[in-house]
Amino acid sequence: MSGPRTFGAIFTTETNSFSPIPTTRKSFGEYGFSTVETPLNPDSILDPLLIAAKAFYEAHGGTFFPSLRLFAQPSAPIVQSDYEELRDELLRDLKAAMPVDIVFLLLHGAMMAEHEEDCEGDILQRIREIVGPDAIVGAVLDPHAHLTDTMIDNSDILAFLKEYPHTDIPQRALEVLSLTLRAWKGEIRPHMSAHDIRLLGMWPTQHDPVRSFVDKMSAHEAEGDALSISFIHGFPWGDASETGAKRLVVTANDPEGGAKLAQELG
């Protein structure tokens, strides 16, 4: 059997909905506006992640189709027309790459537009409508996010960075790459369980008690209790209905065990 056909893209910004400075298409261009026609560049700020993803899937006999690579500094919600233009450009690239077996994304989790407070949920839902129920959709996200049911319902694997400051992007990316491949092969059937902690705060992970808690999550993964565990810190400067801290547990099709572990850790 040949390897998977995989589509990859990066679309990320952290929306401070109290900021007076709007996020526009030009805001993303300040860090190099990369499109499907732009060759992957190892010297850019974002491309190394997709370069690594391409190498990973190709090592397993697959083909990789990179799309947009977009990043903007935190500021106010994206101008709605600019958001829709960028989102639809990504979706056009996906349609052109079809059929695909896997979608691999770097998103943020707290990206908002003027009339869309859950941009990641909107993007994932539209991707799912294109690729259908059998494709594996995975994403790496920032823990300062607003985790929503729409995001969970339209993806298979979401892994949020464990460290704050965010020093573990390569590790979380490899986690998602590996799990999406295993899911495509039929070795696992991921199921995501979330628990709302109903807290709002900031939790740097270098020092206890948060350091020990992050290590505890990793220990549960190493012991086989879950495929992936994330602590979503929430983003206090994003005025969204789902703002707040949550726990997310990805299991190998164990909804009951995942829900129990998410609640216990919460």
# chains A, B, ... in the order shown; residues from 1 in each chain; ligands from 1
call {"tool": "closest_atom_pairs", "arguments": {"of": "range 189-244 of chain A", "to": "range 5-23 of chain A", "cutoff": "9 Å", "atoms": "only C-alpha atoms", "output": "CSV"}}
result
residue,atom,partner,partner_atom,distance
A:Phe235,CA,A:Asn16,CA,8.6
A:Pro236,CA,A:Asn16,CA,8.6
A:Trp237,CA,A:Asn16,CA,5.1
A:Gly238,CA,A:Asn16,CA,5.1
A:Asp239,CA,A:Ser17,CA,5.9
A:Ala240,CA,A:Ser17,CA,8.5
call {"tool": "residues_around", "arguments": {"residues": "Arg211 in chain A", "least_positions_apart": "5", "cutoff": "10 Å", "atoms": "only C-alpha atoms", "output": "list in words"}}
result
Lys162, Glu163, Tyr164, Trp203, Pro204, Thr205, Gln206 and Lys216 of chain A
call {"tool": "write_last_selection", "arguments": {"atoms": "N, CA, C and O atoms", "output": "compact mmCIF listing (two decimals), in the first residue's frame"}}
result
# COMPACT_ATOMS: atom_id res chain seq x y z
N LYS A 162 2.40 21.71 25.34
CA LYS A 162 2.39 21.48 26.79
C LYS A 162 3.15 22.56 27.55
O LYS A 162 2.87 22.80 28.72
N GLU A 163 4.13 23.17 26.90
CA GLU A 163 5.02 24.08 27.62
C GLU A 163 4.66 25.54 27.39
O GLU A 163 4.26 25.94 26.30
N TYR A 164 4.82 26.33 28.45
CA TYR A 164 4.64 27.78 28.38
C TYR A 164 5.73 28.43 29.22
O TYR A 164 5.71 28.29 30.44
N TRP A 203 -0.55 30.18 33.49
CA TRP A 203 0.16 29.09 34.15
C TRP A 203 1.49 28.78 33.45
O TRP A 203 1.58 27.82 32.68
N PRO A 204 2.56 29.54 33.71
CA PRO A 204 3.87 29.15 33.20
C PRO A 204 4.25 27.76 33.72
O PRO A 204 3.93 27.40 34.86
N THR A 205 4.93 27.00 32.88
CA THR A 205 5.17 25.59 33.21
C THR A 205 6.58 25.28 33.69
O THR A 205 6.92 24.12 33.91
N GLN A 206 7.42 26.31 33.89
CA GLN A 206 8.80 26.02 34.29
C GLN A 206 8.90 25.58 35.74
O GLN A 206 9.83 24.86 36.13
N LYS A 216 3.02 15.01 34.97
CA LYS A 216 2.02 13.97 35.27
C LYS A 216 1.23 13.62 34.00
O LYS A 216 0.93 12.44 33.76
call {"tool": "closest_residue", "arguments": {"among": "A:Tyr83, A:Phe104, A:Phe65, A:Phe71", "to": "Ser178 in chain A", "atoms": "only C-alpha atoms"}}
result
A:Phe104
call {"tool": "residues_around", "arguments": {"residues": "Gly224 in chain A", "least_positions_apart": "6", "cutoff": "12 Å", "atoms": "only C-alpha atoms", "output": "ChimeraX atom specification"}}
result
/A:217-218,249-252,254,257-258
call {"tool": "residues_around", "arguments": {"residues": "Ala183 in chain A", "least_positions_apart": "6", "cutoff": "8 Å", "atoms": "only C-alpha atoms", "output": "PDB file with C-alpha atoms, in the first residue's frame"}}
result
ATOM      1  CA  ILE A 136      -7.817  12.016   9.295  1.00  0.00           C
ATOM      2  CA  ARG A 189      -9.234   5.082  16.262  1.00  0.00           C
ATOM      3  CA  PRO A 190      -8.754   8.364  18.139  1.00  0.00           C
TER       4      PRO A 190
END
call {"tool": "closest_residue", "arguments": {"among": "A:Ala226, A:Leu68, A:Tyr57, A:Ile51", "to": "Glu37 in chain A", "atoms": "only C-alpha atoms"}}
result
A:Leu68
call {"tool": "closest_residue", "arguments": {"among": "A:Leu177, A:Ala53, A:Ile102, A:Ile78", "to": "Ser155 in chain A", "atoms": "only C-alpha atoms"}}
result
A:Ile102
call {"tool": "select_by_dssp", "arguments": {"residues": "range 94-230 of chain A", "states": "strand (DSSP E)", "output": "ChimeraX atom specification"}}
result
/A:102-106,136-141,157-160,190-196,228-230
call {"tool": "residues_around", "arguments": {"residues": "Leu86 in chain A", "least_positions_apart": "2", "cutoff": "12 Å", "atoms": "only C-alpha atoms", "output": "PyMOL selection string"}}
result
chain A and resi 9-12+24-26+28-29+33-35+67-71+78-84+88-93+113+119+123
call {"tool": "atom_distance", "arguments": {"atom1": "CA of Thr243 in chain A", "atom2": "CA of Ala259 in chain A"}}
result
20.2 Å
call {"tool": "select_by_dssp", "arguments": {"residues": "range 69-220 of chain A", "states": "alpha helix (DSSP H)", "output": "JSON list (two decimals) with C-alpha atoms, in the first residue's frame"}}
result
[["chain", "number", "residue", "atom", "x", "y", "z"],
["A", 80, "GLN", "CA", -14.00, 39.74, 8.33],
["A", 81, "SER", "CA", -13.48, 40.07, 4.58],
["A", 82, "ASP", "CA", -9.74, 39.41, 4.97],
["A", 83, "TYR", "CA", -10.37, 36.35, 7.13],
["A", 84, "GLU", "CA", -12.83, 34.89, 4.65],
["A", 85, "GLU", "CA", -10.44, 35.59, 1.77],
["A", 86, "LEU", "CA", -7.56, 33.79, 3.48],
["A", 87, "ARG", "CA", -9.74, 30.91, 4.71],
["A", 88, "ASP", "CA", -11.23, 30.39, 1.26],
["A", 89, "GLU", "CA", -7.78, 30.44, -0.34],
["A", 90, "LEU", "CA", -6.73, 27.61, 1.96],
["A", 91, "LEU", "CA", -9.92, 25.68, 1.13],
["A", 92, "ARG", "CA", -9.34, 26.15, -2.61],
["A", 93, "ASP", "CA", -5.87, 24.65, -2.22],
["A", 94, "LEU", "CA", -7.39, 21.71, -0.36],
["A", 95, "LYS", "CA", -9.95, 21.10, -3.09],
["A", 96, "ALA", "CA", -7.17, 21.17, -5.69],
["A", 97, "ALA", "CA", -5.21, 18.53, -3.73],
["A", 119, "CYS", "CA", -12.10, 30.69, 13.45],
["A", 120, "GLU", "CA", -10.45, 27.32, 14.08],
["A", 121, "GLY", "CA", -13.83, 25.63, 14.43],
["A", 122, "ASP", "CA", -15.02, 27.33, 11.25],
["A", 123, "ILE", "CA", -11.91, 26.24, 9.32],
["A", 124, "LEU", "CA", -12.02, 22.66, 10.62],
["A", 125, "GLN", "CA", -15.73, 22.31, 9.87],
["A", 126, "ARG", "CA", -15.27, 23.50, 6.30],
["A", 127, "ILE", "CA", -12.27, 21.20, 5.86],
["A", 128, "ARG", "CA", -14.31, 18.25, 7.10],
["A", 129, "GLU", "CA", -17.07, 19.04, 4.61],
["A", 130, "ILE", "CA", -14.49, 18.83, 1.81],
["A", 131, "VAL", "CA", -12.49, 15.76, 2.87],
["A", 149, "ASP", "CA", -17.15, 21.48, 20.45],
["A", 150, "THR", "CA", -16.97, 22.51, 16.78],
["A", 151, "MET", "CA", -13.18, 22.06, 16.83],
["A", 152, "ILE", "CA", -13.47, 18.63, 18.45],
["A", 153, "ASP", "CA", -16.37, 17.43, 16.31],
["A", 169, "ILE", "CA", 6.53, 22.71, 19.01],
["A", 170, "PRO", "CA", 8.69, 19.98, 17.39],
["A", 171, "GLN", "CA", 7.59, 17.39, 19.95],
["A", 172, "ARG", "CA", 3.88, 18.15, 19.62],
["A", 173, "ALA", "CA", 4.17, 18.23, 15.84],
["A", 174, "LEU", "CA", 5.79, 14.79, 15.81],
["A", 175, "GLU", "CA", 3.02, 13.58, 18.12],
["A", 176, "VAL", "CA", 0.32, 14.68, 15.69],
["A", 177, "LEU", "CA", 2.23, 13.40, 12.66],
["A", 178, "SER", "CA", 2.66, 9.99, 14.25],
["A", 179, "LEU", "CA", -0.93, 9.72, 15.47],
["A", 180, "THR", "CA", -2.44, 10.82, 12.16],
["A", 181, "LEU", "CA", -0.36, 8.20, 10.34],
["A", 182, "ARG", "CA", -1.37, 5.48, 12.80],
["A", 183, "ALA", "CA", -5.01, 6.48, 12.48],
["A", 184, "TRP", "CA", -4.79, 6.41, 8.67],
["A", 185, "LYS", "CA", -3.26, 2.92, 8.84],
["A", 210, "VAL", "CA", 2.39, 23.43, 37.13],
["A", 211, "ARG", "CA", 5.70, 21.75, 36.18],
["A", 212, "SER", "CA", 4.78, 18.61, 38.10],
["A", 213, "PHE", "CA", 1.30, 18.65, 36.61],
["A", 214, "VAL", "CA", 2.59, 18.77, 33.03],
["A", 215, "ASP", "CA", 4.98, 15.93, 33.88],
["A", 216, "LYS", "CA", 2.02, 13.97, 35.27],
["A", 217, "MET", "CA", 0.21, 14.34, 31.93],
["A", 218, "SER", "CA", 3.25, 13.00, 30.12],
["A", 219, "ALA", "CA", 3.47, 10.09, 32.57],
["A", 220, "HIS", "CA", -0.13, 9.11, 31.80]]
call {"tool": "atom_distance", "arguments": {"atom1": "CA of Val140 in chain A", "atom2": "CA of His233 in chain A"}}
result
14.7 Å
call {"tool": "closest_residue", "arguments": {"among": "A:Lys54, A:His207, A:His108, A:His195", "to": "Leu158 in chain A", "atoms": "only C-alpha atoms"}}
result
A:His108
call {"tool": "atom_distance", "arguments": {"atom1": "CA of Ala262 in chain A", "atom2": "CA of Ala245 in chain A"}}
result
12.2 Å
call {"tool": "closest_residue", "arguments": {"among": "A:Ser2, A:Val103, A:His115, A:Glu223", "to": "Val137 in chain A", "atoms": "only C-alpha atoms"}}
result
A:Val103
call {"tool": "closest_residue", "arguments": {"among": "A:Asn253, A:Gln73, A:Ser241, A:Thr63", "to": "Glu116 in chain A", "atoms": "only C-alpha atoms"}}
result
A:Ser241
